[in-house]
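Pasting work.cif here (mmCIF, C-alpha atoms and all ligand atoms):
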```cif
data_start
loop_
_atom_site.label_atom_id
_atom_site.label_comp_id
_atom_site.auth_asym_id
_atom_site.auth_seq_id
_atom_site.Cartn_x
_atom_site.Cartn_y
_atom_site.Cartn_z
CA MET D 1 0.52 4.82 14.13
CA ALA D 2 -3.08 5.72 14.99
CA TYR D 3 -2.45 7.96 17.95
CA SER D 4 -5.24 10.39 17.17
CA GLU D 5 -8.85 9.30 17.44
CA GLY D 6 -9.88 12.00 15.00
CA ASN D 7 -13.11 13.95 15.23
CA THR D 8 -16.40 12.99 16.85
CA THR D 9 -17.61 11.14 13.74
CA GLY D 10 -14.76 8.60 14.01
CA SER D 11 -13.18 9.80 10.79
CA LYS D 12 -9.83 11.54 10.82
CA ILE D 13 -8.39 14.13 8.46
CA THR D 14 -4.63 14.05 8.14
CA LEU D 15 -2.84 16.88 6.37
CA HIS D 16 0.21 15.33 4.73
CA MET D 17 2.73 17.47 2.89
CA VAL D 18 6.40 17.50 2.06
CA SER D 19 8.04 20.84 2.76
CA SER D 20 11.49 22.28 2.20
CA LEU D 21 13.44 23.39 5.29
CA ASP D 22 12.24 26.93 4.62
CA GLY D 23 8.57 25.98 4.32
CA PHE D 24 7.89 25.69 0.59
CA ILE D 25 6.01 22.81 -1.08
CA ALA D 26 6.91 23.66 -4.68
CA LYS D 27 9.11 26.10 -6.51
CA LYS D 28 7.48 29.16 -8.14
CA ASP D 29 7.30 27.32 -11.46
CA ASN D 30 5.64 24.35 -9.63
CA ASN D 31 8.81 22.28 -9.89
CA VAL D 32 8.90 19.52 -7.27
CA SER D 33 11.97 17.62 -8.50
CA TRP D 34 13.74 18.59 -5.26
CA LEU D 35 11.48 16.00 -3.58
CA GLU D 36 13.46 13.27 -5.30
CA SER D 37 16.94 14.46 -4.36
CA PRO D 38 18.00 13.42 -0.85
CA GLY D 39 20.96 14.85 1.00
CA SER D 40 23.76 12.67 2.27
CA VAL D 41 22.78 9.47 4.08
CA TYR D 42 21.74 9.92 7.72
CA GLU D 43 23.06 6.69 9.23
CA ALA D 44 20.90 6.75 12.37
CA GLY D 45 17.74 7.12 10.27
CA VAL D 46 15.24 4.43 9.35
CA SER D 47 14.14 3.35 5.90
CA ILE D 48 10.88 1.85 4.70
CA SER D 49 10.69 -1.03 2.25
CA PRO D 50 8.43 -0.72 -0.81
CA GLU D 51 6.22 -3.45 0.74
CA GLU D 52 5.83 -1.49 3.98
CA ALA D 53 5.05 1.69 2.05
CA ALA D 54 2.44 -0.13 -0.06
CA ALA D 55 0.81 -1.64 3.04
CA PHE D 56 0.66 1.80 4.66
CA VAL D 57 -0.89 3.44 1.60
CA LYS D 58 -3.61 0.76 1.64
CA THR D 59 -4.81 2.11 5.01
CA ILE D 60 -5.75 5.44 3.37
CA ASP D 61 -9.47 5.50 2.48
CA CYS D 62 -9.64 8.75 0.55
CA TYR D 63 -7.45 11.60 -0.75
CA VAL D 64 -8.52 15.24 -0.94
CA LEU D 65 -6.70 17.69 -3.18
CA GLY D 66 -6.95 21.18 -4.64
CA SER D 67 -7.35 21.51 -8.40
CA ARG D 68 -3.79 22.72 -9.00
CA THR D 69 -2.35 19.71 -7.21
CA TYR D 70 -4.71 17.50 -9.23
CA GLU D 71 -3.58 18.99 -12.54
CA HIS D 72 0.07 18.74 -11.58
CA ALA D 73 -0.36 15.12 -10.41
CA LEU D 74 -1.88 14.20 -13.77
CA GLU D 75 1.13 15.74 -15.52
CA LEU D 76 3.75 14.08 -13.31
CA GLY D 77 2.16 10.63 -13.02
CA TRP D 78 -0.84 9.86 -10.81
CA PRO D 79 0.41 8.79 -7.33
CA TYR D 80 -3.00 8.02 -5.76
CA GLY D 81 -3.79 4.71 -7.51
CA ASP D 82 -7.48 3.75 -7.47
CA THR D 83 -8.12 5.17 -4.01
CA PRO D 84 -11.17 7.46 -4.00
CA THR D 85 -10.01 11.04 -4.53
CA VAL D 86 -11.96 14.27 -4.12
CA VAL D 87 -10.71 17.30 -6.05
CA VAL D 88 -11.88 20.69 -4.80
CA THR D 89 -12.47 23.17 -7.62
CA GLY D 90 -14.86 25.87 -8.71
CA ARG D 91 -14.24 24.96 -12.35
CA LYS D 92 -15.69 22.27 -14.59
CA LEU D 93 -12.67 19.99 -15.03
CA PRO D 94 -12.49 16.96 -17.31
CA SER D 95 -12.55 13.70 -15.36
CA ALA D 96 -9.35 11.80 -16.09
CA LYS D 97 -9.84 9.01 -13.53
CA LYS D 98 -12.77 6.86 -12.42
CA SER D 99 -11.68 7.22 -8.80
CA VAL D 100 -11.90 11.03 -8.91
CA GLU D 101 -14.91 13.13 -8.04
CA PHE D 102 -15.05 16.91 -8.07
CA TYR D 103 -16.43 19.09 -5.33
CA SER D 104 -17.27 22.75 -5.35
CA GLY D 105 -18.69 24.56 -2.35
CA ASP D 106 -18.41 24.82 1.40
CA LEU D 107 -15.53 22.75 2.84
CA LYS D 108 -17.25 22.05 6.18
CA THR D 109 -20.17 20.56 4.26
CA LEU D 110 -17.71 18.51 2.20
CA VAL D 111 -16.24 17.02 5.37
CA GLU D 112 -19.46 16.54 7.33
CA GLU D 113 -21.76 15.33 4.56
CA LYS D 114 -19.53 13.71 1.96
CA LEU D 115 -16.31 12.52 3.57
CA ALA D 116 -16.94 11.65 7.22
CA PRO D 117 -19.94 9.37 6.57
CA ARG D 118 -18.02 7.40 3.94
CA TYR D 119 -14.35 7.34 4.95
CA ARG D 120 -12.35 6.97 8.17
CA ASN D 121 -8.75 7.67 7.18
CA ILE D 122 -8.90 10.80 4.99
CA TRP D 123 -5.67 12.32 3.65
CA LEU D 124 -5.53 15.96 2.65
CA VAL D 125 -2.49 16.10 0.39
CA GLY D 126 -2.34 19.65 -0.88
CA GLY D 127 -1.71 22.06 -2.11
CA ALA D 128 -1.00 24.98 0.13
CA MET D 129 -4.15 26.89 -0.71
CA LEU D 130 -6.51 24.05 0.13
CA CYS D 131 -4.56 23.04 3.26
CA GLN D 132 -4.70 26.61 4.58
CA ARG D 133 -8.47 26.70 4.05
CA PHE D 134 -8.92 23.40 5.90
CA LEU D 135 -6.70 24.59 8.76
CA SER D 136 -8.42 27.94 9.12
CA LEU D 137 -11.79 26.15 9.33
CA GLY D 138 -10.48 23.76 12.02
CA LEU D 139 -11.05 20.72 9.78
CA VAL D 140 -7.64 19.08 10.26
CA ASP D 141 -7.17 16.47 13.02
CA GLU D 142 -3.54 15.62 12.38
CA ILE D 143 -0.58 17.21 10.58
CA ARG D 144 2.15 15.00 9.16
CA LEU D 145 4.86 17.19 7.81
CA MET D 146 7.80 15.65 5.99
CA ILE D 147 10.75 18.04 5.94
CA ALA D 148 13.12 17.63 2.99
CA PRO D 149 16.81 18.50 3.54
CA VAL D 150 16.83 21.45 1.15
CA LEU D 151 16.41 25.23 1.22
CA LEU D 152 14.47 26.55 -1.80
CA GLY D 153 14.48 30.29 -1.09
CA ASP D 154 11.16 30.92 -2.82
CA GLY D 155 8.05 29.15 -4.05
CA VAL D 156 4.60 28.02 -2.89
CA TRP D 157 4.60 28.65 0.84
CA LEU D 158 2.83 25.89 2.77
CA PHE D 159 1.39 27.80 5.70
CA GLY D 160 1.13 31.32 4.31
CA SER D 161 -0.22 33.71 6.90
CA MET D 162 -1.82 31.50 9.55
CA THR D 163 -3.06 32.70 12.91
CA GLU D 164 -1.40 31.37 16.09
CA GLU D 165 -2.51 27.85 16.97
CA ARG D 166 -1.01 25.16 19.23
CA TRP D 167 -0.45 21.63 17.95
CA ASN D 168 0.69 18.62 20.01
CA LEU D 169 3.81 16.81 18.84
CA LYS D 170 3.06 13.06 18.68
CA ASN D 171 5.86 11.50 16.73
CA VAL D 172 9.17 12.22 15.00
CA VAL D 173 10.76 9.88 12.47
CA ALA D 174 14.14 10.55 10.85
CA TYR D 175 14.83 8.69 7.61
CA LYS D 176 18.12 7.51 6.15
CA ASN D 177 17.59 9.80 3.13
CA GLY D 178 17.72 12.88 5.37
CA PHE D 179 13.98 13.54 5.44
CA VAL D 180 12.26 14.00 8.84
CA GLU D 181 8.56 13.43 9.49
CA LEU D 182 6.88 15.43 12.26
CA SER D 183 3.40 14.36 13.36
CA TYR D 184 1.06 16.56 15.39
CA SER D 185 -2.50 16.27 16.65
CA ALA D 186 -4.80 19.25 16.91
CA GLY D 187 -4.55 21.12 20.20
CA THR D 188 -7.53 21.60 22.47
CA ALA D 189 -9.13 25.04 22.13
N1 LIG D 201 5.36 19.11 -1.58
C1 LIG D 201 4.17 18.55 -1.47
O1 LIG D 201 3.94 17.70 -0.60
C2 LIG D 201 3.05 18.96 -2.39
C3 LIG D 201 1.78 18.41 -2.19
C4 LIG D 201 0.75 18.84 -3.01
C5 LIG D 201 0.96 19.77 -3.99
N2 LIG D 201 2.20 20.28 -4.17
C6 LIG D 201 2.43 21.31 -5.20
O2 LIG D 201 1.75 22.50 -4.81
C7 LIG D 201 1.30 23.19 -5.98
C8 LIG D 201 -0.20 23.44 -5.91
O3 LIG D 201 -0.54 24.07 -4.68
P1 LIG D 201 -1.44 25.38 -4.65
O4 LIG D 201 -1.48 25.85 -3.25
O5 LIG D 201 -0.95 26.30 -5.71
O6 LIG D 201 -2.88 24.89 -5.15
P2 LIG D 201 -3.94 23.80 -4.62
O7 LIG D 201 -4.28 24.03 -3.19
O8 LIG D 201 -3.53 22.44 -5.05
O9 LIG D 201 -5.19 24.15 -5.53
C9 LIG D 201 -5.81 25.43 -5.44
C10 LIG D 201 -7.16 25.35 -6.11
O10 LIG D 201 -8.04 24.52 -5.37
C11 LIG D 201 -9.34 25.04 -5.45
N3 LIG D 201 -9.79 25.45 -4.12
C12 LIG D 201 -9.06 25.67 -3.04
N4 LIG D 201 -9.85 26.03 -2.00
C13 LIG D 201 -11.11 26.01 -2.47
C14 LIG D 201 -12.38 26.25 -1.89
N5 LIG D 201 -12.51 26.59 -0.60
N6 LIG D 201 -13.46 26.14 -2.65
C15 LIG D 201 -13.34 25.80 -3.95
N7 LIG D 201 -12.15 25.53 -4.57
C16 LIG D 201 -11.06 25.65 -3.80
C17 LIG D 201 -9.30 26.22 -6.40
O11 LIG D 201 -9.52 25.63 -7.67
P3 LIG D 201 -10.14 26.33 -8.98
O12 LIG D 201 -9.14 27.42 -9.29
O13 LIG D 201 -10.13 25.21 -9.95
O14 LIG D 201 -11.49 26.82 -8.61
C18 LIG D 201 -7.87 26.69 -6.24
O15 LIG D 201 -7.39 27.44 -7.33
C19 LIG D 201 1.65 22.29 -7.15
O16 LIG D 201 2.90 22.69 -7.67
C20 LIG D 201 1.80 20.93 -6.52
O17 LIG D 201 2.64 20.05 -7.25
C21 LIG D 201 3.27 19.90 -3.40
#
```

Have the structure of the file written as structure tokens, please.
Ligand SMILES: NC(=O)c1ccc[n+]([C@@H]2O[C@H](COP(=O)([O-])OP(=O)(O)OC[C@H]3O[C@@H](n4cnc5c(N)ncnc54)[C@H](OP(=O)(O)O)[C@@H]3O)[C@@H](O)[C@H]2O)c1
Amino acid sequence: MAYSEGNTTGSKITLHMVSSLDGFIAKKDNNVSWLESPGSVYEAGVSISPEEAAAFVKTIDCYVLGSRTYEHALELGWPYGDTPTVVVTGRKLPSAKKSVEFYSGDLKTLVEEKLAPRYRNIWLVGGAMLCQRFLSLGLVDEIRLMIAPVLLGDGVWLFGSMTEERWNLKNVVAYKNGFVELSYSAGTA
């Protein structure tokens, strides 16, 4: 799985998001129930057992999220367990979890001074606003994009208005539930 060596500090930032076929990560009203509804079974696809999924999640050292994703995750049921989680916000938010710390300020400083010295496998898990900021600052080493078999037509657009940038395809996995995961490493400048 570890095909990218990450940045020069030895840590790696992976952007991981689930997108609709037409590039949205949530409906306009923030609804993400479409994530749960697969299409018809894709027989040639693979599936992952709960044990394999749990073992994989254990390899993640830290999650990074924007405040809207944080607030929505608290509402829906916290999916990040006790893994250290950094929430980026300019507001004073109440701390609902021991594993959560809040950060406000420059994102390059966050990565260089707070994350890279402490964690190797860092997962940036949304939302769109924070991911776009990380991408535009060149702070993402790997993109793992899970495409759900659904068109939403409207909503929170994952990539917004990005500038042209090449990424290197490293892996493609098709799942039995019709989802496809595309993995890319950052291109050389
Ligand atoms: N499909 C998926 O895989 C997936 C994954 C994650 C989230 N989502 C969904 O996406 C939606 C949220 O995404 P979103 O794009 O609206 O919001 P978001 O990126 O989660 O959060 C945006 C907030 O993060 C803070 N922020 C972002 N950049 C910052 C910076 N440079 N400095 C300081 N603070 C910064 C700001 O917080 P303050 O306003 O507090 O200052 C900003 O309002 C939710 O519906 C969530 O459920 C879907």

* Name the residues in contact with Val86 in chain D at a cut-off of 7 Å, using all atoms listed in the file, excluding same-chain residues fewer than 3 positions from it; report them as a list in words. =>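 Counting only the stated atoms, we get Tyr63, Val64, Leu65, Val100, Glu101, Phe102 and Tyr103 of chain D.
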
* 8 Å shell around ligand LIG 201 (chain D) using all atoms listed in the file, listed as a PyMOL selection string -> chain D and resi 16-20+24-32+35+65-70+72-73+87-93+103-107+125-131+133+146+156-158

Keeping only C-alpha atoms, write the selected residues as a compact mmCIF listing (two decimals), in the frame of the given file.
```txt
# COMPACT_ATOMS: atom_id res chain seq x y z
CA HIS D 16 0.21 15.33 4.73
CA MET D 17 2.73 17.47 2.89
CA VAL D 18 6.40 17.50 2.06
CA SER D 19 8.04 20.84 2.76
CA SER D 20 11.49 22.28 2.20
CA PHE D 24 7.89 25.69 0.59
CA ILE D 25 6.01 22.81 -1.08
CA ALA D 26 6.91 23.66 -4.68
CA LYS D 27 9.11 26.10 -6.51
CA LYS D 28 7.48 29.16 -8.14
CA ASP D 29 7.30 27.32 -11.46
CA ASN D 30 5.64 24.35 -9.63
CA ASN D 31 8.81 22.28 -9.89
CA VAL D 32 8.90 19.52 -7.27
CA LEU D 35 11.48 16.00 -3.58
CA LEU D 65 -6.70 17.69 -3.18
CA GLY D 66 -6.95 21.18 -4.64
CA SER D 67 -7.35 21.51 -8.40
CA ARG D 68 -3.79 22.72 -9.00
CA THR D 69 -2.35 19.71 -7.21
CA TYR D 70 -4.71 17.50 -9.23
CA HIS D 72 0.07 18.74 -11.58
CA ALA D 73 -0.36 15.12 -10.41
CA VAL D 87 -10.71 17.30 -6.05
CA VAL D 88 -11.88 20.69 -4.80
CA THR D 89 -12.47 23.17 -7.62
CA GLY D 90 -14.86 25.87 -8.71
CA ARG D 91 -14.24 24.96 -12.35
CA LYS D 92 -15.69 22.27 -14.59
CA LEU D 93 -12.67 19.99 -15.03
CA TYR D 103 -16.43 19.09 -5.33
CA SER D 104 -17.27 22.75 -5.35
CA GLY D 105 -18.69 24.56 -2.35
CA ASP D 106 -18.41 24.82 1.40
CA LEU D 107 -15.53 22.75 2.84
CA VAL D 125 -2.49 16.10 0.39
CA GLY D 126 -2.34 19.65 -0.88
CA GLY D 127 -1.71 22.06 -2.11
CA ALA D 128 -1.00 24.98 0.13
CA MET D 129 -4.15 26.89 -0.71
CA LEU D 130 -6.51 24.05 0.13
CA CYS D 131 -4.56 23.04 3.26
CA ARG D 133 -8.47 26.70 4.05
CA MET D 146 7.80 15.65 5.99
CA VAL D 156 4.60 28.02 -2.89
CA TRP D 157 4.60 28.65 0.84
CA LEU D 158 2.83 25.89 2.77
```

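If you count all atoms listed in the file and ignore residues fewer than 2 places along the chain from range 54-59 of chain D, what sits within 10 Å of it is Met1, Ile48, Ser49, Pro50, Glu51, Glu52, Asp61, Cys62, Tyr80, Gly81, Thr83, Arg120, Asn121 and Ile122 of chain D.
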
* Using all atoms listed in the file, determine which residues lie at most 8 Å from Lys170 in chain D, disregarding the query and same-chain residues fewer than 5 positions distant; provide the list as a PyMOL selection string. => chain D and resi 3+182-185

* Asked: Closest to Trp78 in chain D among D:Arg118, D:Ser99, D:Gln132, D:Asp154, using all atoms listed in the file?
  ->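 Of all the options, D:Ser99 lies closest to Trp78 in chain D.
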
* For CA of Thr9 in chain D and CA of Ala116 in chain D, quote the distance in Å rounded to one decimal. =>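 Spanning CA of Thr9 in chain D to CA of Ala116 in chain D is a straight-line distance of 6.6 Å.
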
* Cut-off 10 Å around (-6.2, 25.4, 9.7) with only C-alpha atoms: residues as a ChimeraX atom specification -> /D:15,130-141,143,159,162-165,186

Create the file for the chosen residues now, containing C-alpha atoms and written as a PDB file, in the coordinates of the input.
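As written to disk, result-v4.pdb reads:
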```pdb
ATOM      1  CA  LEU D  15      -2.840  16.880   6.370  1.00  0.00           C
ATOM      2  CA  LEU D 130      -6.510  24.050   0.130  1.00  0.00           C
ATOM      3  CA  CYS D 131      -4.560  23.040   3.260  1.00  0.00           C
ATOM      4  CA  GLN D 132      -4.700  26.610   4.580  1.00  0.00           C
ATOM      5  CA  ARG D 133      -8.470  26.700   4.050  1.00  0.00           C
ATOM      6  CA  PHE D 134      -8.920  23.400   5.900  1.00  0.00           C
ATOM      7  CA  LEU D 135      -6.700  24.590   8.760  1.00  0.00           C
ATOM      8  CA  SER D 136      -8.420  27.940   9.120  1.00  0.00           C
ATOM      9  CA  LEU D 137     -11.790  26.150   9.330  1.00  0.00           C
ATOM     10  CA  GLY D 138     -10.480  23.760  12.020  1.00  0.00           C
ATOM     11  CA  LEU D 139     -11.050  20.720   9.780  1.00  0.00           C
ATOM     12  CA  VAL D 140      -7.640  19.080  10.260  1.00  0.00           C
ATOM     13  CA  ASP D 141      -7.170  16.470  13.020  1.00  0.00           C
ATOM     14  CA  ILE D 143      -0.580  17.210  10.580  1.00  0.00           C
ATOM     15  CA  PHE D 159       1.390  27.800   5.700  1.00  0.00           C
ATOM     16  CA  MET D 162      -1.820  31.500   9.550  1.00  0.00           C
ATOM     17  CA  THR D 163      -3.060  32.700  12.910  1.00  0.00           C
ATOM     18  CA  GLU D 164      -1.400  31.370  16.090  1.00  0.00           C
ATOM     19  CA  GLU D 165      -2.510  27.850  16.970  1.00  0.00           C
ATOM     20  CA  ALA D 186      -4.800  19.250  16.910  1.00  0.00           C
TER      21      ALA D 186
END
```

* Asked: Please, what distance in Å, to one decimal, runs between CA of Glu75 in chain D and CA of Tyr175 in chain D?
  -> 27.8 Å

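Among D:Leu152, D:Gly178, D:Arg144, D:Glu71, the residue with the shortest atom-to-atom distance to Lys97 in chain D, counting only C-alpha atoms, is D:Glu71.
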
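Closest approach to Glu142 in chain D from the set D:Asn177, D:Pro38, D:Trp123, D:Pro84 is made by D:Trp123, with distances taken over all atoms listed in the file.
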
* Quick one: distance from CA of Ser11 in chain D to CA of Tyr119 in chain D in Å, one decimal? ->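 It comes out at 6.4 Å.
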
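You can rank D:Leu74, D:Ala96, D:Val150, D:Leu145 by their closest distance to Leu21 in chain D using only C-alpha atoms, and at the top of that list sits D:Val150.
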
* To do: Do a neighbour search on Val46 in chain D at 8 Å with only C-alpha atoms, toss out local chain neighbours closer than 5 positions, and write the hits as a ChimeraX atom specification.
  => /D:173-176

Give me a file of those residues, with C-alpha atoms, as a short mmCIF file (atom, residue, chain, number, x, y, z; two decimals), in the coordinates of the input.
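For reference, out04.cif as written:
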```
data_model
loop_
_atom_site.label_atom_id
_atom_site.label_comp_id
_atom_site.auth_asym_id
_atom_site.auth_seq_id
_atom_site.Cartn_x
_atom_site.Cartn_y
_atom_site.Cartn_z
CA VAL D 173 10.76 9.88 12.47
CA ALA D 174 14.14 10.55 10.85
CA TYR D 175 14.83 8.69 7.61
CA LYS D 176 18.12 7.51 6.15
#
```

* **Nearest to Val180 in chain D by atom-to-atom distance, counting only C-alpha atoms, from D:Gly23, D:Pro149, D:Gly39, D:Gly10** =>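 Checking each candidate against Val180 in chain D, we get D:Pro149 as the closest.
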
* Point out the residue among D:Gly187, D:Ala148, D:Thr85, D:Phe179 with the least atom-to-atom distance to Arg166 in chain D, counting all atoms listed in the file. =>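 Counting all atoms listed in the file, the residue closest to Arg166 in chain D is D:Gly187.
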